[in-house]
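Everything below concerns the one structure shown next.
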Amino acid sequence: MAERLYLFDTTLRDGAQTPGVDFSVEDKILITQLVEKLGIDYVEGGWPGANPVDSEFFAKKRTKTSRFTAFGMTRRPGRSVSNDPGLAAVLDAAVDAVCLVAKSWDFHVKVALGTTLEENLTGIRDSVEAVVACGREAMIDCEHFFDGYKANREHALDCARTAYEAGARWVVLCDTNGGTLPHEISEIVSDVTNVVPGDHLGIHAHDDTCHAVANSLAAVEAGVRQIQGTLNGLGERCGNANLVTLVATLKLKPWYAERFEIGVSDAQLKQLTAISHHFDEILNRAPNRQAPYVGQSAFATKAGLHASAIVKDPTTYEHVDPELVGNRRRVLVSDQAGRSNLLAELERLGIGVQKDDPRLPRLLDEVKRREAEGYAYEAADASFELLARRLLGHVPAFFHVDSFRVMVERRHNAMGDLVTVSEAVVKVTVDGERLMSVGEGNGPVNALDMALRKDLGRFQAHIEDLELVDYKVRILNGGTSATTRVLIESRDGEGNRWSTVGVSPNIVDASFQALVDSITFKLLCSGVAASPEDRPRKLASV
Ligand SMILES: [Zn+2]
């Protein structure tokens, strides 16, 4: 029978320690929903009483499926539990579980707490008993457990034993500095299981040697039954154990799937990629393309030889089926592209072409020619789709750009400060009608974007929710013949994302091409003005 393994999310507490990350109450509510959607057993919401955001969050939020957990510290040395306001705030929170951090490294007990090892153990016992007395599930995070074990094995084990004997449901072994290696985790956890049974032990790993996931798995193999981690491995320094990766491994790798059961269903696993990307959106950062299982490149291949093998039998080059985690196979169109790459990509886009279609070599030549000029279609899926559809089928001419002009002015304003202002004028024709728009921005591309999206006549309503989320410029070759490549990432109100590319000796012109592609792609996907043979195409919502 498969044994139950519990997952504990600390994105809102430990993940919030990441420099540059500052969750609002609304963010915390959204993230809690994501964690619950994934089927994680515990959500640690933060530290009630420690700051206004956490206090408000605990006052507002209740979880539906996950066990809602408050974080805090064991009682201060020399005080009683009832005389420790910090602990009282944690015990007062309306939660299912309370996780208290305790020192387990003798050095920290003596130097940081300035107390004796005996008093440290009494503090752990009193605090756990207080949590249990409040009717909450009790957990102890043994801070610096592995370093503490190496320095003073007896005391580290005493801390774990004391917490367990006082009634802690979970004793969590924390690799707080993140420097412990998998073989050490195995050895030490095995030793701890002589004192606390494995089904009461947890692991909390940090990624300072890129082993947080490996350390978590090593701990499970050695007996622990709870894993703490964060969404996308968010966390201070190099991050925490990545729950997204762990969920996929525990569900899909037979060694784990046969032995353990987790709270994540197969249907929830299919949401993994979407949840991971949604979380990055909340953080306002681009998803890591190389993230295991969920990254855009996780199931991508470029070489023509591999591509033809993948089309014949995907298992030859993929360790798991990408669909199981809600990701997809990507066969990249590139200067190495063979015909099978192209066919596979067209098939994915829903563009039906026969293998011997004479237009196919033409498209291949066109892709190669443009890539030689500097276009990068593997990073600009929407531009590729437009190119392919134009050559093979039909892309409606939604609008025609007659001309554009951009002006950049640097001048003193009324206050006497030096400012740079950009203004753009764009003339477009829509349904035979000539429209002119003026846009202002903090730079020429911004002004151009403003002007272009100001008035597209009857198409305007379809691009209202379009938003530029990323803009990248690369100078391709130096000297007088330098070419500029601009990559733009866009998204809409439904969370769809697409990338477009423009290439020109002039950066504004390259940006303009990418902008026009982005708008055209959005209109194509919205199905507006599509003729019967040009069925609206659904965006992949990831
Ligand atoms: Zn930590």
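If you're wondering about the labels, chains in the structure tokens are A, B, ... by order shown, residues count from 1 in each chain, ligands from 1 in order shown.
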Which residues of chain A come within 7 Å of ligand 1, and for each one, what is the closest pair of atoms and their distance in Å to one decimal, counting only C-alpha atoms and all ligand atoms, sorted by chain and residue number, as a tab-separated table?
```
residue	atom	partner	partner_atom_place_in_ligand_line	distance
A:Asp14	CA	ligand 1	1 (Zn)	5.5
A:Cys174	CA	ligand 1	1 (Zn)	6.9
A:Thr176	CA	ligand 1	1 (Zn)	5.3
A:His204	CA	ligand 1	1 (Zn)	6.5
A:Ala205	CA	ligand 1	1 (Zn)	6.9
A:His206	CA	ligand 1	1 (Zn)	6.4
A:Asn240	CA	ligand 1	1 (Zn)	6.7
```
Take the selection from the previous step and output its residues with N, CA and C atoms, as a compact mmCIF listing (two decimals), in the first residue's frame.
```txt
# COMPACT_ATOMS: atom_id res chain seq x y z
N ASP A 14 8.48 31.68 4.06
CA ASP A 14 9.90 31.65 3.71
C ASP A 14 10.14 32.28 2.33
N CYS A 174 15.35 21.31 9.30
CA CYS A 174 15.61 22.40 8.36
C CYS A 174 17.09 22.49 8.02
N THR A 176 18.81 25.09 7.06
CA THR A 176 18.61 26.54 6.96
C THR A 176 19.67 27.22 6.11
N HIS A 204 12.96 20.50 5.30
CA HIS A 204 12.86 21.87 4.80
C HIS A 204 14.25 22.19 4.23
N ALA A 205 14.34 22.16 2.90
CA ALA A 205 15.66 22.29 2.27
C ALA A 205 15.78 23.60 1.49
N HIS A 206 16.98 24.14 1.50
CA HIS A 206 17.30 25.32 0.68
C HIS A 206 18.26 24.94 -0.43
N ASN A 240 14.18 28.01 -2.08
CA ASN A 240 13.78 26.82 -1.30
C ASN A 240 13.60 25.64 -2.24
```
Subject >> All residues 7 Å or closer to stretch 139-153 of chain A, only C-alpha atoms, same chain fewer than 6 positions away omitted, as a PyMOL selection string >> reply: chain A and resi 98-106+163+168-177
Write a file of the selected residues as a compact mmCIF listing (two decimals), in the first residue's frame, keeping all heavy atoms.
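And here is the file that came out, part10.txt:
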```txt
# COMPACT_ATOMS: atom_id res chain seq x y z
N VAL A 98 -0.06 25.20 13.68
CA VAL A 98 0.92 26.22 14.04
C VAL A 98 2.30 25.60 13.92
O VAL A 98 2.56 24.51 14.44
CB VAL A 98 0.69 26.73 15.49
CG1 VAL A 98 1.87 27.58 15.95
CG2 VAL A 98 -0.61 27.52 15.57
N CYS A 99 3.17 26.31 13.19
CA CYS A 99 4.54 25.84 13.02
C CYS A 99 5.47 26.82 13.74
O CYS A 99 5.52 28.00 13.38
CB CYS A 99 4.87 25.77 11.53
SG CYS A 99 6.50 25.09 11.21
N LEU A 100 6.18 26.34 14.74
CA LEU A 100 7.07 27.22 15.50
C LEU A 100 8.51 26.87 15.21
O LEU A 100 8.89 25.69 15.16
CB LEU A 100 6.81 27.07 17.01
CG LEU A 100 5.40 27.43 17.49
CD1 LEU A 100 5.29 27.17 18.99
CD2 LEU A 100 5.07 28.89 17.17
N VAL A 101 9.33 27.89 15.01
CA VAL A 101 10.75 27.64 14.75
C VAL A 101 11.48 27.56 16.08
O VAL A 101 11.22 28.35 17.00
CB VAL A 101 11.35 28.72 13.81
CG1 VAL A 101 11.31 30.11 14.41
CG2 VAL A 101 12.79 28.35 13.43
N ALA A 102 12.37 26.58 16.17
CA ALA A 102 13.17 26.40 17.39
C ALA A 102 14.63 26.24 17.01
O ALA A 102 14.95 25.73 15.93
CB ALA A 102 12.70 25.15 18.13
N LYS A 103 15.51 26.71 17.88
CA LYS A 103 16.94 26.53 17.63
C LYS A 103 17.32 25.08 17.92
O LYS A 103 16.87 24.51 18.92
CB LYS A 103 17.76 27.43 18.55
CG LYS A 103 17.36 28.91 18.45
CD LYS A 103 18.31 29.68 17.56
CE LYS A 103 17.92 31.13 17.45
NZ LYS A 103 17.57 31.52 16.08
N SER A 104 18.15 24.50 17.05
CA SER A 104 18.60 23.14 17.35
C SER A 104 20.12 23.00 17.19
O SER A 104 20.66 21.93 17.25
CB SER A 104 17.87 22.13 16.45
OG SER A 104 18.02 22.48 15.09
N TRP A 105 20.78 24.14 16.97
CA TRP A 105 22.26 24.16 16.88
C TRP A 105 22.76 24.78 18.17
O TRP A 105 22.41 25.93 18.49
CB TRP A 105 22.66 25.01 15.66
CG TRP A 105 24.12 25.04 15.33
CD1 TRP A 105 25.15 24.54 16.08
CD2 TRP A 105 24.73 25.62 14.17
NE1 TRP A 105 26.35 24.75 15.46
CE2 TRP A 105 26.12 25.41 14.26
CE3 TRP A 105 24.22 26.28 13.03
CZ2 TRP A 105 27.02 25.85 13.29
CZ3 TRP A 105 25.11 26.73 12.06
CH2 TRP A 105 26.50 26.51 12.18
N ASP A 106 23.55 24.05 18.93
CA ASP A 106 23.99 24.52 20.26
C ASP A 106 24.63 25.91 20.20
O ASP A 106 24.42 26.75 21.07
CB ASP A 106 24.92 23.50 20.95
CG ASP A 106 26.20 23.22 20.17
OD1 ASP A 106 26.32 23.70 19.01
OD2 ASP A 106 27.09 22.51 20.71
N ALA A 163 10.34 17.82 21.08
CA ALA A 163 9.17 18.33 20.35
C ALA A 163 8.18 17.19 20.11
O ALA A 163 6.97 17.34 20.32
CB ALA A 163 9.60 18.95 19.02
N ALA A 168 4.17 17.18 19.18
CA ALA A 168 4.25 17.76 17.83
C ALA A 168 3.85 16.71 16.79
O ALA A 168 4.36 15.59 16.80
CB ALA A 168 5.66 18.27 17.55
N ARG A 169 2.91 17.10 15.90
CA ARG A 169 2.53 16.20 14.81
C ARG A 169 3.72 16.04 13.86
O ARG A 169 3.96 15.00 13.31
CB ARG A 169 1.31 16.79 14.07
CG ARG A 169 0.99 16.16 12.73
CD ARG A 169 0.52 14.71 12.90
NE ARG A 169 0.31 14.01 11.63
CZ ARG A 169 1.25 13.31 11.00
NH1 ARG A 169 2.48 13.23 11.48
NH2 ARG A 169 0.98 12.68 9.86
N TRP A 170 4.43 17.17 13.64
CA TRP A 170 5.57 17.13 12.73
C TRP A 170 6.79 17.77 13.37
O TRP A 170 6.69 18.86 13.95
CB TRP A 170 5.26 17.90 11.44
CG TRP A 170 4.20 17.27 10.59
CD1 TRP A 170 2.93 17.72 10.43
CD2 TRP A 170 4.33 16.11 9.77
NE1 TRP A 170 2.24 16.91 9.56
CE2 TRP A 170 3.08 15.90 9.15
CE3 TRP A 170 5.37 15.20 9.52
CZ2 TRP A 170 2.84 14.84 8.28
CZ3 TRP A 170 5.13 14.14 8.64
CH2 TRP A 170 3.88 13.97 8.04
N VAL A 171 7.93 17.11 13.24
CA VAL A 171 9.21 17.70 13.60
C VAL A 171 9.95 17.90 12.28
O VAL A 171 10.29 16.93 11.60
CB VAL A 171 10.00 16.78 14.54
CG1 VAL A 171 11.36 17.38 14.86
CG2 VAL A 171 9.21 16.51 15.82
N VAL A 172 10.15 19.15 11.90
CA VAL A 172 10.69 19.43 10.58
C VAL A 172 12.19 19.75 10.68
O VAL A 172 12.59 20.64 11.43
CB VAL A 172 9.93 20.62 9.93
CG1 VAL A 172 10.45 20.88 8.53
CG2 VAL A 172 8.44 20.34 9.91
N LEU A 173 12.97 18.98 9.94
CA LEU A 173 14.42 19.16 9.96
C LEU A 173 14.79 20.18 8.88
O LEU A 173 14.58 19.94 7.69
CB LEU A 173 15.11 17.81 9.71
CG LEU A 173 14.55 16.65 10.56
CD1 LEU A 173 15.25 15.34 10.18
CD2 LEU A 173 14.72 16.93 12.05
N CYS A 174 15.35 21.31 9.30
CA CYS A 174 15.61 22.40 8.36
C CYS A 174 17.09 22.49 8.02
O CYS A 174 17.93 22.53 8.92
CB CYS A 174 15.16 23.74 8.95
SG CYS A 174 13.42 23.76 9.39
N ASP A 175 17.37 22.54 6.73
CA ASP A 175 18.74 22.82 6.29
C ASP A 175 18.79 24.32 6.01
O ASP A 175 18.79 24.75 4.86
CB ASP A 175 19.08 22.00 5.05
CG ASP A 175 20.54 22.20 4.62
OD1 ASP A 175 21.36 22.55 5.50
OD2 ASP A 175 20.84 22.02 3.43
N THR A 176 18.81 25.09 7.06
CA THR A 176 18.61 26.54 6.96
C THR A 176 19.67 27.22 6.11
O THR A 176 19.36 28.12 5.33
CB THR A 176 18.58 27.15 8.38
OG1 THR A 176 17.65 26.38 9.16
CG2 THR A 176 18.14 28.59 8.37
N ASN A 177 20.93 26.80 6.23
CA ASN A 177 21.99 27.41 5.41
C ASN A 177 22.06 26.80 4.02
O ASN A 177 22.76 27.31 3.15
CB ASN A 177 23.36 27.25 6.09
CG ASN A 177 23.50 28.18 7.28
OD1 ASN A 177 22.67 29.07 7.47
ND2 ASN A 177 24.53 27.97 8.08
```
Original post:
A:Ser383, A:Thr180, A:Thr63, A:Ser481: which is nearest A:Trp498, counting only C-alpha atoms?
Top reply: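 For A:Trp498, the nearest of the given residues is A:Ser383.
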**OP:** Would you please extract all helix (DSSP H, G or I) residues from stretch 59-179 of chain A, as assigned by DSSP on the backbone, and give them as JSON, numbers by chain?
**Re:** {"A": [59, 60, 81, 82, 83, 85, 86, 87, 88, 89, 90, 91, 92, 106, 107, 108, 109, 110, 111, 112, 113, 117, 118, 119, 120, 121, 122, 123, 124, 125, 126, 127, 128, 129, 130, 131, 132, 133, 145, 146, 147, 148, 149, 150, 151, 153, 154, 155, 156, 157, 158, 159, 160, 161, 162, 163, 164, 165]}
Subject >> Length of the atom CA of A:Gln296 to atom CA of A:Lys270 vector [Å] >> reply: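 Rounded to one decimal, the two atoms are 15.1 Å apart.
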Original post:
Neighbours of A:Val247 within 10 Å (only C-alpha atoms; same-chain residues fewer than 4 positions away dropped), as a list of chain:residue names?
Top reply: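 In the requested form, the answer reads A:Leu7, A:Leu38, A:Gly39, A:Ile40, A:Asn242, A:Leu243, A:Lys251, A:Leu252, A:Ile262, A:Gly263, A:Val264, A:Leu269, A:Leu272, A:Val325.
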For the selection you just gave me, I'd like the residues written to a file as a CSV table (one decimal), in the first residue's frame, keeping all heavy atoms.
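File written: result_2.csv
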```csv
chain,number,residue,atom,x,y,z
A,7,LEU,N,2.7,17.4,1.7
A,7,LEU,CA,3.4,18.6,1.1
A,7,LEU,C,3.0,19.8,1.8
A,7,LEU,O,1.8,20.0,2.2
A,7,LEU,CB,3.1,18.7,-0.4
A,7,LEU,CG,3.6,17.5,-1.2
A,7,LEU,CD1,3.1,17.7,-2.7
A,7,LEU,CD2,5.1,17.3,-1.2
A,38,LEU,N,-3.5,23.4,-6.5
A,38,LEU,CA,-2.6,22.4,-6.8
A,38,LEU,C,-2.8,21.1,-5.9
A,38,LEU,O,-2.3,20.0,-6.3
A,38,LEU,CB,-1.1,22.9,-6.7
A,38,LEU,CG,0.0,22.0,-7.1
A,38,LEU,CD1,-0.1,21.5,-8.5
A,38,LEU,CD2,1.3,22.8,-7.0
A,39,GLY,N,-3.4,21.3,-4.8
A,39,GLY,CA,-3.7,20.2,-3.9
A,39,GLY,C,-2.6,20.0,-2.8
A,39,GLY,O,-2.4,18.8,-2.4
A,40,ILE,N,-1.9,21.0,-2.4
A,40,ILE,CA,-0.9,21.0,-1.4
A,40,ILE,C,-1.6,20.9,0.0
A,40,ILE,O,-2.6,21.5,0.2
A,40,ILE,CB,0.0,22.2,-1.4
A,40,ILE,CG1,0.6,22.4,-2.8
A,40,ILE,CG2,1.1,22.2,-0.4
A,40,ILE,CD1,1.5,21.3,-3.3
A,242,ASN,N,11.8,23.4,-4.7
A,242,ASN,CA,10.8,23.7,-5.6
A,242,ASN,C,9.6,22.7,-5.6
A,242,ASN,O,9.8,21.6,-6.0
A,242,ASN,CB,11.4,23.8,-7.0
A,242,ASN,CG,10.5,24.4,-8.0
A,242,ASN,OD1,9.2,24.4,-7.8
A,242,ASN,ND2,11.0,24.9,-9.1
A,243,LEU,N,8.5,23.1,-5.0
A,243,LEU,CA,7.4,22.2,-4.9
A,243,LEU,C,6.8,21.8,-6.3
A,243,LEU,O,6.3,20.7,-6.4
A,243,LEU,CB,6.2,22.9,-4.1
A,243,LEU,CG,6.3,22.8,-2.6
A,243,LEU,CD1,5.0,23.4,-2.0
A,243,LEU,CD2,6.5,21.4,-2.1
A,251,LYS,N,4.7,12.4,-8.5
A,251,LYS,CA,3.6,11.8,-9.2
A,251,LYS,C,4.0,11.0,-10.4
A,251,LYS,O,3.3,10.0,-10.7
A,251,LYS,CB,2.7,13.0,-9.8
A,251,LYS,CG,1.9,13.7,-8.8
A,251,LYS,CD,0.7,12.9,-8.2
A,251,LYS,CE,-0.5,12.7,-9.2
A,251,LYS,NZ,-1.6,11.9,-8.6
A,252,LEU,N,5.1,11.3,-11.1
A,252,LEU,CA,5.4,10.7,-12.4
A,252,LEU,C,6.5,9.7,-12.4
A,252,LEU,O,6.6,8.8,-13.3
A,252,LEU,CB,5.7,11.8,-13.4
A,252,LEU,CG,4.5,12.7,-13.7
A,252,LEU,CD1,4.9,13.8,-14.7
A,252,LEU,CD2,3.3,11.9,-14.2
A,262,ILE,N,0.3,11.3,-2.8
A,262,ILE,CA,0.3,12.7,-2.3
A,262,ILE,C,-1.1,13.3,-2.6
A,262,ILE,O,-1.9,12.7,-3.3
A,262,ILE,CB,1.4,13.6,-3.0
A,262,ILE,CG1,1.3,13.6,-4.5
A,262,ILE,CG2,2.8,13.2,-2.6
A,262,ILE,CD1,2.2,14.6,-5.2
A,263,GLY,N,-1.4,14.5,-2.1
A,263,GLY,CA,-2.7,15.0,-2.2
A,263,GLY,C,-3.0,15.6,-3.5
A,263,GLY,O,-4.1,16.1,-3.7
A,264,VAL,N,-2.1,15.5,-4.5
A,264,VAL,CA,-2.3,16.1,-5.8
A,264,VAL,C,-2.9,15.1,-6.7
A,264,VAL,O,-2.3,14.0,-6.9
A,264,VAL,CB,-0.9,16.6,-6.4
A,264,VAL,CG1,-1.1,17.3,-7.7
A,264,VAL,CG2,-0.3,17.6,-5.4
A,269,LEU,N,-2.4,17.8,-11.4
A,269,LEU,CA,-1.0,17.8,-12.0
A,269,LEU,C,-1.1,18.4,-13.4
A,269,LEU,O,-0.1,19.1,-13.7
A,269,LEU,CB,-0.6,16.3,-12.1
A,269,LEU,CG,0.9,16.1,-12.6
A,269,LEU,CD1,1.9,16.7,-11.7
A,269,LEU,CD2,1.1,14.6,-12.9
A,272,LEU,N,-0.3,22.0,-13.4
A,272,LEU,CA,1.0,22.4,-12.9
A,272,LEU,C,1.7,23.6,-13.7
A,272,LEU,O,2.1,24.6,-13.1
A,272,LEU,CB,2.0,21.2,-12.8
A,272,LEU,CG,3.2,21.4,-12.0
A,272,LEU,CD1,2.8,21.5,-10.5
A,272,LEU,CD2,4.1,20.1,-12.2
A,325,VAL,N,1.8,17.2,-17.2
A,325,VAL,CA,2.0,18.4,-16.3
A,325,VAL,C,1.4,19.7,-17.0
A,325,VAL,O,1.7,20.8,-16.6
A,325,VAL,CB,3.5,18.6,-16.0
A,325,VAL,CG1,4.0,17.4,-15.1
A,325,VAL,CG2,4.3,18.7,-17.3
```
Original post:
Taking only C-alpha atoms into account, which of A:Gly502, A:Gly179, A:Gly49, A:Gly233 comes nearest A:Asn215?
Top reply: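 Looking at the shortest contact to A:Asn215, the residue is A:Gly179.
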List the spatial neighbours of A:Val430 as a compact mmCIF listing (two decimals) with N, CA and C atoms, in the first residue's frame - criterion: any atom at most 10 Å away, only C-alpha atoms, same-chain residues fewer than 5 positions off excluded.
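Generated output (out.txt):
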```txt
# COMPACT_ATOMS: atom_id res chain seq x y z
N ALA A 397 -6.07 40.99 -43.86
CA ALA A 397 -5.41 42.29 -43.70
C ALA A 397 -6.33 43.15 -42.83
N PHE A 398 -6.14 43.05 -41.54
CA PHE A 398 -7.02 43.77 -40.60
C PHE A 398 -6.85 45.28 -40.78
N PHE A 399 -5.58 45.68 -40.89
CA PHE A 399 -5.30 47.12 -41.04
C PHE A 399 -4.02 47.28 -41.85
N HIS A 400 -3.86 48.43 -42.44
CA HIS A 400 -2.66 48.70 -43.21
C HIS A 400 -2.00 49.95 -42.64
N VAL A 401 -0.71 49.85 -42.34
CA VAL A 401 -0.01 51.02 -41.81
C VAL A 401 0.52 51.83 -42.99
N LEU A 435 -7.08 56.53 -40.68
CA LEU A 435 -7.12 56.96 -39.28
C LEU A 435 -5.75 57.46 -38.88
N ASP A 455 -6.25 53.84 -31.96
CA ASP A 455 -7.47 53.77 -32.77
C ASP A 455 -7.28 52.83 -33.94
N LEU A 456 -7.85 51.64 -33.82
CA LEU A 456 -7.83 50.71 -34.95
C LEU A 456 -9.26 50.49 -35.43
N GLY A 457 -10.06 51.53 -35.32
CA GLY A 457 -11.44 51.46 -35.82
C GLY A 457 -12.23 50.37 -35.16
N ARG A 458 -12.88 49.54 -35.98
CA ARG A 458 -13.77 48.51 -35.41
C ARG A 458 -12.99 47.39 -34.72
N PHE A 459 -11.66 47.35 -34.92
CA PHE A 459 -10.88 46.31 -34.25
C PHE A 459 -10.44 46.72 -32.85
```
Subject >> Distance query A:Ala50 at most 10 Å, only C-alpha atoms, self and fewer than 4 positions along chain excluded, as a PyMOL selection string >> reply: chain A and resi 46+54-55+71-72+86+89-90
Report as an mmCIF file with N, CA and C atoms, in the first residue's frame all protein, DNA and RNA residues lying within 9 Å of A:Ala93, evaluated on only C-alpha atoms, omitting residues in the same chain fewer than 5 positions from it.
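And here's part-v8.cif as it stands now:
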```cif
data_model
loop_
_atom_site.group_PDB
_atom_site.id
_atom_site.type_symbol
_atom_site.label_atom_id
_atom_site.label_comp_id
_atom_site.auth_asym_id
_atom_site.auth_seq_id
_atom_site.Cartn_x
_atom_site.Cartn_y
_atom_site.Cartn_z
ATOM 1 N N PRO A 48 1.474 35.766 12.035
ATOM 2 C CA PRO A 48 0.505 36.723 12.562
ATOM 3 C C PRO A 48 1.103 37.541 13.704
ATOM 4 N N SER A 55 -0.917 40.104 9.670
ATOM 5 C CA SER A 55 -2.040 40.139 10.622
ATOM 6 C C SER A 55 -3.361 40.274 9.887
ATOM 7 N N PHE A 58 -4.277 36.991 8.018
ATOM 8 C CA PHE A 58 -4.831 35.940 8.887
ATOM 9 C C PHE A 58 -6.231 36.298 9.374
ATOM 10 N N ALA A 59 -6.494 37.594 9.487
ATOM 11 C CA ALA A 59 -7.836 38.000 9.919
ATOM 12 C C ALA A 59 -8.853 37.761 8.806
ATOM 13 N N ALA A 70 -0.079 28.890 10.718
ATOM 14 C CA ALA A 70 0.581 30.125 11.144
ATOM 15 C C ALA A 70 1.996 29.792 11.602
ATOM 16 N N ALA A 88 1.572 34.549 21.777
ATOM 17 C CA ALA A 88 0.125 34.675 21.979
ATOM 18 C C ALA A 88 -0.580 35.035 20.673
ATOM 19 N N VAL A 98 -0.061 25.198 13.681
ATOM 20 C CA VAL A 98 0.919 26.223 14.042
ATOM 21 C C VAL A 98 2.303 25.604 13.922
#
```
Subject >> Distance query A:Ile488 at most 10 Å, only C-alpha atoms, self and fewer than 5 positions along chain excluded, as number ranges by chain >> reply: A: 379-380, 468-473, 498-502, 511, 513-515, 517-518
Could you save the residues just selected, with N, CA and C atoms, as a JSON list (two decimals), in the first residue's frame?
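Once written, part_38.json looks like this:
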```
[["chain", "number", "residue", "atom", "x", "y", "z"],
["A", 379, "ALA", "N", 11.98, 31.95, -30.55],
["A", 379, "ALA", "CA", 11.58, 32.78, -29.41],
["A", 379, "ALA", "C", 10.36, 33.64, -29.74],
["A", 380, "ALA", "N", 9.83, 33.48, -30.94],
["A", 380, "ALA", "CA", 8.71, 34.34, -31.36],
["A", 380, "ALA", "C", 7.67, 33.49, -32.07],
["A", 468, "LEU", "N", 1.87, 44.84, -23.22],
["A", 468, "LEU", "CA", 3.24, 44.40, -23.48],
["A", 468, "LEU", "C", 3.88, 44.07, -22.13],
["A", 469, "VAL", "N", 4.42, 42.87, -22.02],
["A", 469, "VAL", "CA", 4.99, 42.48, -20.73],
["A", 469, "VAL", "C", 6.50, 42.40, -20.75],
["A", 470, "ASP", "N", 7.08, 42.23, -21.93],
["A", 470, "ASP", "CA", 8.53, 42.15, -21.97],
["A", 470, "ASP", "C", 9.02, 42.68, -23.31],
["A", 471, "TYR", "N", 10.16, 43.30, -23.28],
["A", 471, "TYR", "CA", 10.72, 43.93, -24.46],
["A", 471, "TYR", "C", 12.23, 43.72, -24.42],
["A", 472, "LYS", "N", 12.76, 43.05, -25.42],
["A", 472, "LYS", "CA", 14.19, 42.75, -25.41],
["A", 472, "LYS", "C", 14.83, 43.20, -26.71],
["A", 473, "VAL", "N", 16.00, 43.83, -26.59],
["A", 473, "VAL", "CA", 16.71, 44.31, -27.77],
["A", 473, "VAL", "C", 18.06, 43.62, -27.84],
["A", 498, "TRP", "N", 2.06, 35.63, -25.93],
["A", 498, "TRP", "CA", 2.66, 35.29, -27.21],
["A", 498, "TRP", "C", 3.84, 36.23, -27.46],
["A", 499, "SER", "N", 4.76, 35.77, -28.31],
["A", 499, "SER", "CA", 5.97, 36.53, -28.57],
["A", 499, "SER", "C", 6.10, 36.85, -30.04],
["A", 500, "THR", "N", 6.59, 38.06, -30.33],
["A", 500, "THR", "CA", 6.77, 38.47, -31.71],
["A", 500, "THR", "C", 8.16, 39.07, -31.89],
["A", 501, "VAL", "N", 8.61, 39.13, -33.14],
["A", 501, "VAL", "CA", 9.97, 39.58, -33.41],
["A", 501, "VAL", "C", 9.97, 40.60, -34.55],
["A", 502, "GLY", "N", 10.91, 41.53, -34.50],
["A", 502, "GLY", "CA", 11.14, 42.46, -35.58],
["A", 502, "GLY", "C", 12.64, 42.66, -35.77],
["A", 511, "SER", "N", 11.13, 47.49, -33.59],
["A", 511, "SER", "CA", 10.10, 47.44, -32.55],
["A", 511, "SER", "C", 8.71, 47.52, -33.18],
["A", 513, "GLN", "N", 7.74, 46.57, -36.17],
["A", 513, "GLN", "CA", 7.36, 45.29, -36.78],
["A", 513, "GLN", "C", 6.82, 44.32, -35.74],
["A", 514, "ALA", "N", 7.54, 44.24, -34.62],
["A", 514, "ALA", "CA", 7.12, 43.30, -33.56],
["A", 514, "ALA", "C", 5.78, 43.72, -32.98],
["A", 515, "LEU", "N", 5.56, 45.03, -32.84],
["A", 515, "LEU", "CA", 4.27, 45.53, -32.33],
["A", 515, "LEU", "C", 3.13, 45.18, -33.28],
["A", 517, "ASP", "N", 3.02, 42.80, -35.50],
["A", 517, "ASP", "CA", 2.78, 41.35, -35.44],
["A", 517, "ASP", "C", 1.96, 40.99, -34.21],
["A", 518, "SER", "N", 2.28, 41.61, -33.09],
["A", 518, "SER", "CA", 1.58, 41.29, -31.85],
["A", 518, "SER", "C", 0.09, 41.60, -31.97]]
```
